[in-house]
Amino acid sequence: MGESFVQLPEEGFVTRVIRRKLQLVASIAIISLAAAACGGSSDTSTDASASGSGVSGDVFISGSSTVEPISVRVAELFESIEPDVFVDVEGPGTGDGFQKFCAGETDISNASRQIKDAEAEDCAAAGIEYTEIKVGIDGIAVLTNANNSAVDCVTFENLFNLIGPNGEGTTTWAAADSSLPDAPLDIFGPGAESGTYDSFIEIVLEDLAEEAGVDATTRTDYNPSAEDNIIIQGIQSSDTSLGWVGFAFAGTESKLLEVDGGDGCVAANADTIASNEYPIARDLFIYVNNANAEENAALRAYVDFYVTEGLDTAVAEVGYVPLTDAAKDEVRAGWNG
Amino acid sequence: MGLSTIGDNQVARRVEDEIFRSGRDLRGTGFRTLMFSALAVSVFILAVLIVQVVVDGWPTLSGRFGDFWSGTLRSRSSDDGLGISQGLKGSVWIAAFVAFFSFPIGVSAAIYLEEYAPRNWLTNTIDIAIRNLAGVPSVVYGLLGLFLFVKTLNGGQSALFAGGLTLAILVLPIIVITSAEAIRAVPSSLKQGAYGVGATQWDVIRTQVLPFAAPGILTGTLLSLSRAVGEAAPLILVGAITGRLAARDSSLIDQLGERFTAMPIIIVGWVRNSGADEGFGPAAGAAIVVLLALVIAMNSVAVLLRGYFEKKRG
């Protein structure tokens with residue numbers, strides 16, 4: 001026992017000294033790094049071996065998690081022709097994205113809605129000028145079971161009565177809304193953490209809730225799920241189910257209800273969503289920092305690629321509704337002009 | 001003689017029978033059953049979790065593990081380049097930060113508190129403060145990291161060193177507490193014996209206290225390392241990337257100043273994506289299995305090291 005006590009501490013002591021030395025080295029390295037990183041991120045060294053136009057540099061994108069997959073897909077496609085451009089994308093949400101964007105921390109802000117006045121004022125106060133680019137459309141499909149022949153079209157009022165807070169506790173369609181058939185009501189939809197949930201409330205429920213003097217939210221006694229395929233499964237499980245998911249994820253197993261937003265019943269399909277006829281749809285945007293685009297050739301090249309190849313292929317690939325050709329031309333003219 | 005031996009045996013057997021007779025100690029049996037079911041429930045839940053995750057991740061683990069290991073964050077799960085290399089890199093860096101910053105500082109602080117510091121209201125307050133810090137929700141450390149490292153030190157850009165330092169601070173109180181407990185458990189007779197033969201305080205700490213406390217200190221520190229590697233919430237606040245992280249070919253030192261991601265963050269992102277793109281489900285399962293394996297490996301090292309030092313201690 002005594003012997004081991006004499007040996008051990010020597011080892012422990014030496015390791016500790018080494019660790020402290022390493023710690024010192026590491027802290028010096030980190031402090032110098034931090035200083036270097038403050039200098040800014042645009043690296044303009046050119047590399048002749050690039051296969052594209054040879055631009056190089058960093059692009060940083062934040063904002064909506066709904067738009068995030070489009071920007072990521074565009075970056076992946078862009079990377080194959082411009083290997084020296086490094087694009088990082090995060091998706092904390094549209095609001096958080098604009099906060100960073102108007103603080104000058106990001107080059108592009110993804111947004112699942114247009115910039116709010118308050119956010120635009122923040123940007124103006126910080127001297128940040130931007131270009132708004134519409135990149136695609138996200139429709140929200142209202143679903144029921146394919147066997148449900150009693151209902152073909154729902155109005156916003158129907159949806160508010162069925163899914164809004166006043167529907168709390170009702171177990172049949174008729175109990176929630178007397179104009180609807182007397183059949184069991186099983187509701188499936190995304191949970192409150194989802195952008196689709198927010199959009200549904202914003203587009204369908206908000207105005208009616210204000211009129212009725214209730215909170216703009218859904219009833220609490222529906223079956224929420226973060227996974228679209230679980231919602232679809234739920235729709236299959238009952239003949240008179242009701243639910244809503246992003247149009248891209250609606251699939252073919254369920255019946256897509258027509259929706260009347262005040263101008264008659266409109267079926268949900270890529271055409272009606274692209275033409276804004278279908279009432280439950282929202283435009284998806286990116287906002288580009290003009291000054292950064294001026295300075296950073298990599299950012300310019302990325303957005304050039306976004307409005308051409310991106311709008312043509314990436315938007316559809318990740319499941320959103322692409323713009324019509326006319327709308328694409330308008331977007332391209334807006335960016336190039 | 002023989003008769004009395006038989007008698008003794010009989011007495012012993014009867015006493016034994018009486019003690020362990022079923023129904024004699026009903027409340028004891030009930031208590032034992034209760035304790036056993038508590039253990040069974042914990043083990044069952046753990047087993048279900050592990051089986052579930054392995055089953056979920058199996059398509060990825062068995063099908064394309066090599067690519068998965070070396071791949072990067074992608075927009076679609078069908079992409080052959082999808083993988084966890086960036087998350088692994090980030091998590092290993094975080095572990096390195098904890099090892100280089102939290103271990104030396106935490107253990108040193110514990111030694112000072114237990115061996116040198118006088119016992120008065122100030123040290124008592126510090127002691128209580130450290131204990132409370134260990135219970136502070138990890139998001140709060142994320143906020144601290146966001147303002148201290150990202151906003152103040154790095155001009156608003158998230159960087160690997162910010163994530164590493166944030167988690168190093170997060171586990172610091174845990175390391176101080178566990179190390180202090182281990183040091184406190186050193187028998188005072190051991191120290192007094194050393195003082196008795198003329199050792200100085202430095203000698204006593206170096207030759208008696210630290211070797212005796214080493215297993216406990218090590219276990220605590222390595223468990224805190226596992227904790228740091230598994231944390232997601234503070235990293236989300238300091239800006240770990242879920243969407244896309246460019247595959248830069250930068251040196252180890254450059255990486256410290258670049259944006260980063262980590263295993264728990266990748267898992268959060270993929271689980272979120274699995275709603276829109278089912279293929280992310282197996283990918284997330286596989287990533288969880290890898291993270292679990294990493295944490296279990298680190299805990300096993302803790303167990304082995306503890307055994308090693310306990311044997312040395314004799």
# chains A, B, ... in the order shown; residues from 1 in each chain; ligands from 1

call {"tool": "closest_atom_pairs", "arguments": {"of": "region 50-148 of chain A", "to": "region 245-252 of chain A", "cutoff": "12 Å", "atoms": "only C-alpha atoms", "output": "CSV"}}
result
residue,atom,partner,partner_atom,distance
A:Thr66,CA,A:Gly246,CA,10.2
A:Ile137,CA,A:Phe247,CA,9.8
A:Asp138,CA,A:Phe247,CA,6.9
A:Gly139,CA,A:Phe247,CA,5.0
A:Ile140,CA,A:Gly246,CA,4.5
A:Ala141,CA,A:Phe247,CA,4.9
A:Val142,CA,A:Val245,CA,6.9
A:Leu143,CA,A:Ala250,CA,7.7
A:Thr144,CA,A:Ala250,CA,10.5
A:Asn145,CA,A:Thr252,CA,10.8
A:Ala146,CA,A:Thr252,CA,9.3

call {"tool": "closest_atom_pairs", "arguments": {"of": "region 212-328 of chain A", "to": "region 85-100 of chain A", "cutoff": "9 Å", "atoms": "only C-alpha atoms", "output": "JSON lines"}}
result
{"residue": "A:Tyr287", "atom": "CA", "partner": "A:Phe98", "partner_atom": "CA", "distance": 8.9}
{"residue": "A:Ala298", "atom": "CA", "partner": "A:Val85", "partner_atom": "CA", "distance": 6.1}
{"residue": "A:Leu299", "atom": "CA", "partner": "A:Val85", "partner_atom": "CA", "distance": 8.5}
{"residue": "A:Tyr302", "atom": "CA", "partner": "A:Val85", "partner_atom": "CA", "distance": 8.5}

call {"tool": "closest_atom_pairs", "arguments": {"of": "chain B", "to": "chain A", "cutoff": "9 Å", "atoms": "only C-alpha atoms", "output": "tab-separated table"}}
result
residue	atom	partner	partner_atom	distance
B:Arg74	CA	A:Val72	CA	7.2
B:Ser75	CA	A:Pro69	CA	5.5
B:Arg76	CA	A:Val318	CA	7.4
B:Phe100	CA	A:Gln23	CA	5.5
B:Phe101	CA	A:Gln23	CA	6.5
B:Pro104	CA	A:Arg20	CA	7.0
B:Phe149	CA	A:Ala34	CA	8.9
B:Leu153	CA	A:Ala34	CA	6.3
B:Asn154	CA	A:Cys38	CA	5.3
B:Gly155	CA	A:Cys38	CA	5.6
B:Gly156	CA	A:Glu105	CA	6.4
B:Gln157	CA	A:Glu105	CA	6.9
B:Ala159	CA	A:Ala37	CA	8.8
B:Phe161	CA	A:Ile30	CA	7.1
B:Arg206	CA	A:Pro9	CA	5.8
B:Thr207	CA	A:Pro9	CA	5.5
B:Gln208	CA	A:Phe5	CA	6.6
B:Leu210	CA	A:Pro9	CA	7.2
B:Pro211	CA	A:Pro9	CA	6.2
B:Phe212	CA	A:Phe5	CA	8.5
B:Ala214	CA	A:Gly12	CA	9.0
B:Ile236	CA	A:Pro92	CA	8.7
B:Gly239	CA	A:Glu90	CA	8.2
B:Ala240	CA	A:Glu90	CA	8.2
B:Ile241	CA	A:Glu90	CA	5.3
B:Thr242	CA	A:Glu90	CA	5.7
B:Gly243	CA	A:Glu90	CA	4.8
B:Arg244	CA	A:Val89	CA	4.8
B:Leu245	CA	A:Asp88	CA	4.7
B:Ala246	CA	A:Phe86	CA	5.1
B:Ala247	CA	A:Phe86	CA	7.5
B:Arg248	CA	A:Phe86	CA	7.1
B:Ile253	CA	A:Ala29	CA	7.6
B:Asp254	CA	A:Leu33	CA	7.7
B:Leu256	CA	A:Leu33	CA	7.4
B:Gly257	CA	A:Ala37	CA	6.1
B:Glu258	CA	A:Ala37	CA	8.3
B:Arg259	CA	A:Asp88	CA	8.0
B:Val271	CA	A:Glu227	CA	8.9
B:Arg272	CA	A:Ala226	CA	7.4
B:Asn273	CA	A:Glu227	CA	8.5
B:Ser274	CA	A:Glu227	CA	6.7
B:Gly275	CA	A:Glu227	CA	3.8
B:Ala276	CA	A:Asp228	CA	6.3
B:Asp277	CA	A:Phe249	CA	8.8
B:Glu278	CA	A:Asn229	CA	7.8
B:Lys312	CA	A:Ser4	CA	6.2
B:Arg313	CA	A:Ser4	CA	6.6
B:Gly314	CA	A:Met1	CA	5.6

call {"tool": "residues_around", "arguments": {"residues": "region 81-92 of chain B", "least_positions_apart": "4", "cutoff": "10 Å", "atoms": "only C-alpha atoms", "output": "VMD selection string"}}
result
chain B and resid 60 64 to 77 96 to 98 160 to 161 163 to 164 228 to 231 240 to 242 245 to 247 255 to 256 259 to 267 280 283 to 284 286 to 287 290 to 291 294

call {"tool": "residues_around", "arguments": {"residues": "Ala302 (chain B)", "least_positions_apart": "3", "cutoff": "9 Å", "atoms": "only C-alpha atoms", "output": "list in words"}}
result
Pro215, Leu218, Thr219, Gly220, Thr221, Leu222, Leu223, Ala297, Met298, Asn299, Leu305, Arg306 and Gly307 of chain B

call {"tool": "select_by_dssp", "arguments": {"residues": "region 38-217 of chain A", "states": "strand (DSSP E)", "output": "compact mmCIF listing (two decimals) with N, CA and C atoms, in the first residue's frame"}}
result
# COMPACT_ATOMS: atom_id res chain seq x y z
N GLY A 57 -15.30 31.85 -51.72
CA GLY A 57 -15.74 32.66 -50.60
C GLY A 57 -16.79 31.93 -49.79
N ASP A 58 -17.29 32.62 -48.76
CA ASP A 58 -18.26 32.01 -47.86
C ASP A 58 -19.61 32.69 -48.00
N VAL A 59 -20.67 31.89 -47.87
CA VAL A 59 -22.03 32.43 -47.85
C VAL A 59 -22.70 31.88 -46.61
N PHE A 60 -23.32 32.75 -45.82
CA PHE A 60 -24.01 32.25 -44.64
C PHE A 60 -25.49 32.62 -44.69
N ILE A 61 -26.33 31.58 -44.53
CA ILE A 61 -27.77 31.73 -44.66
C ILE A 61 -28.45 31.27 -43.38
N SER A 62 -29.40 32.09 -42.89
CA SER A 62 -30.18 31.69 -41.72
C SER A 62 -31.65 31.96 -42.01
N GLY A 63 -32.52 31.64 -41.07
CA GLY A 63 -33.93 31.96 -41.23
C GLY A 63 -34.83 30.75 -41.18
N VAL A 85 -16.70 27.65 -53.18
CA VAL A 85 -17.65 28.46 -52.43
C VAL A 85 -18.24 27.59 -51.31
N PHE A 86 -18.18 28.11 -50.10
CA PHE A 86 -18.67 27.34 -48.96
C PHE A 86 -19.96 27.98 -48.44
N VAL A 87 -21.05 27.22 -48.54
CA VAL A 87 -22.35 27.74 -48.13
C VAL A 87 -22.80 27.02 -46.86
N ASP A 88 -23.03 27.79 -45.79
CA ASP A 88 -23.58 27.22 -44.56
C ASP A 88 -25.03 27.67 -44.42
N VAL A 89 -25.91 26.76 -44.02
CA VAL A 89 -27.33 27.10 -43.89
C VAL A 89 -27.84 26.62 -42.53
N ILE A 108 -27.87 35.92 -46.43
CA ILE A 108 -29.21 35.67 -46.95
C ILE A 108 -30.10 35.25 -45.79
N SER A 109 -31.36 35.71 -45.79
CA SER A 109 -32.32 35.27 -44.79
C SER A 109 -33.45 34.52 -45.48
N ASN A 110 -33.65 33.26 -45.10
CA ASN A 110 -34.79 32.49 -45.60
C ASN A 110 -36.04 32.94 -44.86
N ALA A 111 -37.16 33.04 -45.57
CA ALA A 111 -38.38 33.50 -44.90
C ALA A 111 -39.61 32.79 -45.47
N TYR A 130 -31.72 45.35 -48.79
CA TYR A 130 -31.86 43.96 -49.20
C TYR A 130 -32.71 43.83 -50.45
N THR A 131 -32.61 42.67 -51.09
CA THR A 131 -33.45 42.34 -52.23
C THR A 131 -34.32 41.16 -51.85
N GLU A 132 -35.64 41.30 -52.06
CA GLU A 132 -36.56 40.21 -51.76
C GLU A 132 -36.73 39.33 -52.99
N ILE A 133 -36.52 38.04 -52.83
CA ILE A 133 -36.67 37.13 -53.96
C ILE A 133 -37.66 36.04 -53.59
N LYS A 134 -38.74 35.92 -54.38
CA LYS A 134 -39.72 34.86 -54.14
C LYS A 134 -39.19 33.58 -54.78
N VAL A 135 -39.12 32.49 -54.02
CA VAL A 135 -38.49 31.29 -54.58
C VAL A 135 -39.46 30.13 -54.80
N GLY A 136 -40.61 30.13 -54.12
CA GLY A 136 -41.53 29.01 -54.30
C GLY A 136 -42.77 29.21 -53.46
N ILE A 137 -43.67 28.25 -53.51
CA ILE A 137 -44.92 28.35 -52.77
C ILE A 137 -45.16 27.07 -51.98
N ASP A 138 -45.61 27.26 -50.76
CA ASP A 138 -45.91 26.13 -49.90
C ASP A 138 -47.41 26.11 -49.66
N GLY A 139 -48.11 25.12 -50.24
CA GLY A 139 -49.54 25.01 -50.02
C GLY A 139 -49.83 24.11 -48.83
N ILE A 140 -50.97 24.29 -48.19
CA ILE A 140 -51.36 23.39 -47.12
C ILE A 140 -52.62 22.64 -47.56
N ALA A 141 -52.52 21.31 -47.59
CA ALA A 141 -53.63 20.49 -48.05
C ALA A 141 -54.52 20.13 -46.87
N VAL A 142 -55.85 20.19 -47.08
CA VAL A 142 -56.81 19.73 -46.08
C VAL A 142 -57.29 18.35 -46.52
N LEU A 143 -57.12 17.36 -45.65
CA LEU A 143 -57.33 15.97 -46.05
C LEU A 143 -58.49 15.32 -45.31
N THR A 144 -59.09 14.35 -45.97
CA THR A 144 -60.00 13.44 -45.28
C THR A 144 -59.78 12.05 -45.88
N CYS A 153 -65.96 19.94 -50.13
CA CYS A 153 -65.40 21.29 -50.07
C CYS A 153 -65.66 21.86 -48.67
N VAL A 154 -64.67 22.55 -48.11
CA VAL A 154 -64.87 23.20 -46.81
C VAL A 154 -64.54 24.68 -46.95
N THR A 155 -65.28 25.50 -46.21
CA THR A 155 -64.97 26.93 -46.18
C THR A 155 -64.06 27.21 -45.00
N ASP A 186 -62.49 12.82 -36.39
CA ASP A 186 -61.15 12.52 -35.85
C ASP A 186 -60.15 13.42 -36.55
N ILE A 187 -59.52 14.32 -35.78
CA ILE A 187 -58.66 15.33 -36.40
C ILE A 187 -57.18 15.00 -36.18
N PHE A 188 -56.42 15.06 -37.26
CA PHE A 188 -54.97 14.83 -37.20
C PHE A 188 -54.27 16.02 -37.84
N GLY A 189 -53.18 16.48 -37.24
CA GLY A 189 -52.47 17.63 -37.82
C GLY A 189 -51.10 17.78 -37.21
N PRO A 190 -50.32 18.72 -37.71
CA PRO A 190 -48.99 18.94 -37.16
C PRO A 190 -49.07 19.57 -35.77

call {"tool": "closest_residue", "arguments": {"among": "A:Ala124, A:Ala209, A:Val331, A:Ile280", "to": "Asp260 (chain A)", "atoms": "only C-alpha atoms"}}
result
A:Ile280

call {"tool": "select_by_dssp", "arguments": {"residues": "region 144-297 of chain B", "states": "helix (DSSP H, G or I)", "output": "PyMOL selection string"}}
result
chain B and resi 144-153+160-184+188-196+201-230+233-237+252-255+263-273+280-297

call {"tool": "decode", "arguments": {"residues": "region 49-159 of chain B", "atoms": "C-alpha atoms", "output": "PDB file, in the first residue's frame"}}
result
ATOM      1  CA  LEU B  49     -35.203   2.457 -26.018  1.00  0.00           C
ATOM      2  CA  ILE B  50     -32.032   0.783 -27.245  1.00  0.00           C
ATOM      3  CA  VAL B  51     -33.857  -1.859 -29.270  1.00  0.00           C
ATOM      4  CA  GLN B  52     -36.143   0.779 -30.779  1.00  0.00           C
ATOM      5  CA  VAL B  53     -33.227   2.992 -31.821  1.00  0.00           C
ATOM      6  CA  VAL B  54     -31.207   0.112 -33.259  1.00  0.00           C
ATOM      7  CA  VAL B  55     -34.244  -1.165 -35.191  1.00  0.00           C
ATOM      8  CA  ASP B  56     -34.951   2.359 -36.493  1.00  0.00           C
ATOM      9  CA  GLY B  57     -31.361   2.912 -37.522  1.00  0.00           C
ATOM     10  CA  TRP B  58     -30.714  -0.579 -38.861  1.00  0.00           C
ATOM     11  CA  PRO B  59     -31.316   0.173 -42.576  1.00  0.00           C
ATOM     12  CA  THR B  60     -28.611   2.834 -42.417  1.00  0.00           C
ATOM     13  CA  LEU B  61     -26.266   1.007 -40.043  1.00  0.00           C
ATOM     14  CA  SER B  62     -26.243  -2.216 -42.049  1.00  0.00           C
ATOM     15  CA  GLY B  63     -26.681  -0.760 -45.535  1.00  0.00           C
ATOM     16  CA  ARG B  64     -24.222   2.098 -45.864  1.00  0.00           C
ATOM     17  CA  PHE B  65     -22.305   2.511 -42.637  1.00  0.00           C
ATOM     18  CA  GLY B  66     -19.024   3.420 -44.363  1.00  0.00           C
ATOM     19  CA  ASP B  67     -20.614   6.278 -46.316  1.00  0.00           C
ATOM     20  CA  PHE B  68     -22.627   7.283 -43.276  1.00  0.00           C
ATOM     21  CA  TRP B  69     -19.429   7.618 -41.242  1.00  0.00           C
ATOM     22  CA  SER B  70     -17.710   9.857 -43.780  1.00  0.00           C
ATOM     23  CA  GLY B  71     -20.761  11.717 -45.160  1.00  0.00           C
ATOM     24  CA  THR B  72     -22.011  15.237 -44.452  1.00  0.00           C
ATOM     25  CA  LEU B  73     -25.307  17.044 -43.809  1.00  0.00           C
ATOM     26  CA  ARG B  74     -27.584  16.854 -46.859  1.00  0.00           C
ATOM     27  CA  SER B  75     -30.988  18.155 -47.918  1.00  0.00           C
ATOM     28  CA  ARG B  76     -32.369  14.745 -48.867  1.00  0.00           C
ATOM     29  CA  SER B  77     -32.008  11.399 -47.139  1.00  0.00           C
ATOM     30  CA  SER B  78     -31.581   9.580 -50.462  1.00  0.00           C
ATOM     31  CA  ASP B  79     -28.325  11.471 -51.072  1.00  0.00           C
ATOM     32  CA  ASP B  80     -25.345   9.079 -50.951  1.00  0.00           C
ATOM     33  CA  GLY B  81     -23.275  11.751 -49.254  1.00  0.00           C
ATOM     34  CA  LEU B  82     -25.535  11.897 -46.172  1.00  0.00           C
ATOM     35  CA  GLY B  83     -23.586  11.215 -43.003  1.00  0.00           C
ATOM     36  CA  ILE B  84     -22.282  12.235 -39.635  1.00  0.00           C
ATOM     37  CA  SER B  85     -18.591  13.088 -40.153  1.00  0.00           C
ATOM     38  CA  GLN B  86     -19.158  16.768 -39.315  1.00  0.00           C
ATOM     39  CA  GLY B  87     -21.107  15.935 -36.184  1.00  0.00           C
ATOM     40  CA  LEU B  88     -18.480  13.479 -35.004  1.00  0.00           C
ATOM     41  CA  LYS B  89     -15.762  16.063 -35.575  1.00  0.00           C
ATOM     42  CA  GLY B  90     -17.704  18.647 -33.576  1.00  0.00           C
ATOM     43  CA  SER B  91     -18.425  16.235 -30.731  1.00  0.00           C
ATOM     44  CA  VAL B  92     -14.796  15.102 -30.494  1.00  0.00           C
ATOM     45  CA  TRP B  93     -13.712  18.757 -30.391  1.00  0.00           C
ATOM     46  CA  ILE B  94     -16.231  19.438 -27.622  1.00  0.00           C
ATOM     47  CA  ALA B  95     -14.865  16.492 -25.650  1.00  0.00           C
ATOM     48  CA  ALA B  96     -11.356  17.919 -26.157  1.00  0.00           C
ATOM     49  CA  PHE B  97     -12.454  21.314 -24.843  1.00  0.00           C
ATOM     50  CA  VAL B  98     -13.949  19.728 -21.746  1.00  0.00           C
ATOM     51  CA  ALA B  99     -10.807  17.646 -21.196  1.00  0.00           C
ATOM     52  CA  PHE B 100      -8.415  20.581 -21.606  1.00  0.00           C
ATOM     53  CA  PHE B 101     -10.364  23.287 -19.798  1.00  0.00           C
ATOM     54  CA  SER B 102     -12.871  21.781 -17.384  1.00  0.00           C
ATOM     55  CA  PHE B 103     -10.759  18.911 -16.031  1.00  0.00           C
ATOM     56  CA  PRO B 104      -7.710  20.880 -14.853  1.00  0.00           C
ATOM     57  CA  ILE B 105      -9.694  23.894 -13.651  1.00  0.00           C
ATOM     58  CA  GLY B 106     -12.451  21.861 -12.002  1.00  0.00           C
ATOM     59  CA  VAL B 107     -10.162  19.421 -10.208  1.00  0.00           C
ATOM     60  CA  SER B 108      -7.820  22.218  -9.086  1.00  0.00           C
ATOM     61  CA  ALA B 109     -10.743  24.218  -7.719  1.00  0.00           C
ATOM     62  CA  ALA B 110     -11.973  21.148  -5.851  1.00  0.00           C
ATOM     63  CA  ILE B 111      -8.524  20.548  -4.326  1.00  0.00           C
ATOM     64  CA  TYR B 112      -8.311  24.156  -3.186  1.00  0.00           C
ATOM     65  CA  LEU B 113     -11.827  24.140  -1.735  1.00  0.00           C
ATOM     66  CA  GLU B 114     -11.339  20.882   0.158  1.00  0.00           C
ATOM     67  CA  GLU B 115      -7.705  21.072   1.234  1.00  0.00           C
ATOM     68  CA  TYR B 116      -6.632  24.705   1.461  1.00  0.00           C
ATOM     69  CA  ALA B 117      -9.642  26.968   1.807  1.00  0.00           C
ATOM     70  CA  PRO B 118     -10.683  27.841   5.348  1.00  0.00           C
ATOM     71  CA  ARG B 119     -14.205  26.797   6.358  1.00  0.00           C
ATOM     72  CA  ASN B 120     -16.083  30.055   6.740  1.00  0.00           C
ATOM     73  CA  TRP B 121     -19.211  31.771   5.415  1.00  0.00           C
ATOM     74  CA  LEU B 122     -17.461  32.696   2.171  1.00  0.00           C
ATOM     75  CA  THR B 123     -16.369  29.185   1.236  1.00  0.00           C
ATOM     76  CA  ASN B 124     -19.736  27.847   2.350  1.00  0.00           C
ATOM     77  CA  THR B 125     -21.453  30.328   0.059  1.00  0.00           C
ATOM     78  CA  ILE B 126     -19.154  29.351  -2.799  1.00  0.00           C
ATOM     79  CA  ASP B 127     -19.883  25.705  -2.102  1.00  0.00           C
ATOM     80  CA  ILE B 128     -23.641  26.271  -2.244  1.00  0.00           C
ATOM     81  CA  ALA B 129     -23.284  28.424  -5.364  1.00  0.00           C
ATOM     82  CA  ILE B 130     -21.368  25.693  -7.195  1.00  0.00           C
ATOM     83  CA  ARG B 131     -23.981  23.124  -6.214  1.00  0.00           C
ATOM     84  CA  ASN B 132     -26.731  25.367  -7.544  1.00  0.00           C
ATOM     85  CA  LEU B 133     -24.797  26.031 -10.734  1.00  0.00           C
ATOM     86  CA  ALA B 134     -24.698  22.295 -11.382  1.00  0.00           C
ATOM     87  CA  GLY B 135     -28.496  22.308 -11.382  1.00  0.00           C
ATOM     88  CA  VAL B 136     -28.953  25.287 -13.693  1.00  0.00           C
ATOM     89  CA  PRO B 137     -30.740  24.245 -16.937  1.00  0.00           C
ATOM     90  CA  SER B 138     -28.314  23.816 -19.786  1.00  0.00           C
ATOM     91  CA  VAL B 139     -30.146  26.366 -21.973  1.00  0.00           C
ATOM     92  CA  VAL B 140     -29.009  29.064 -19.545  1.00  0.00           C
ATOM     93  CA  TYR B 141     -25.394  28.136 -20.263  1.00  0.00           C
ATOM     94  CA  GLY B 142     -26.274  28.358 -23.943  1.00  0.00           C
ATOM     95  CA  LEU B 143     -27.404  31.969 -23.413  1.00  0.00           C
ATOM     96  CA  LEU B 144     -24.190  32.705 -21.526  1.00  0.00           C
ATOM     97  CA  GLY B 145     -22.148  31.220 -24.374  1.00  0.00           C
ATOM     98  CA  LEU B 146     -24.152  33.169 -26.942  1.00  0.00           C
ATOM     99  CA  PHE B 147     -23.433  36.533 -25.337  1.00  0.00           C
ATOM    100  CA  LEU B 148     -19.938  35.879 -24.013  1.00  0.00           C
ATOM    101  CA  PHE B 149     -18.321  33.937 -26.834  1.00  0.00           C
ATOM    102  CA  VAL B 150     -20.450  34.440 -29.941  1.00  0.00           C
ATOM    103  CA  LYS B 151     -21.561  38.072 -29.580  1.00  0.00           C
ATOM    104  CA  THR B 152     -18.704  39.555 -27.564  1.00  0.00           C
ATOM    105  CA  LEU B 153     -15.645  37.546 -28.586  1.00  0.00           C
ATOM    106  CA  ASN B 154     -16.557  36.596 -32.135  1.00  0.00           C
ATOM    107  CA  GLY B 155     -18.638  39.466 -33.540  1.00  0.00           C
ATOM    108  CA  GLY B 156     -21.857  37.454 -33.751  1.00  0.00           C
ATOM    109  CA  GLN B 157     -20.524  34.554 -35.790  1.00  0.00           C
ATOM    110  CA  SER B 158     -20.995  31.152 -34.274  1.00  0.00           C
ATOM    111  CA  ALA B 159     -17.783  29.136 -34.028  1.00  0.00           C
TER     112      ALA B 159
END
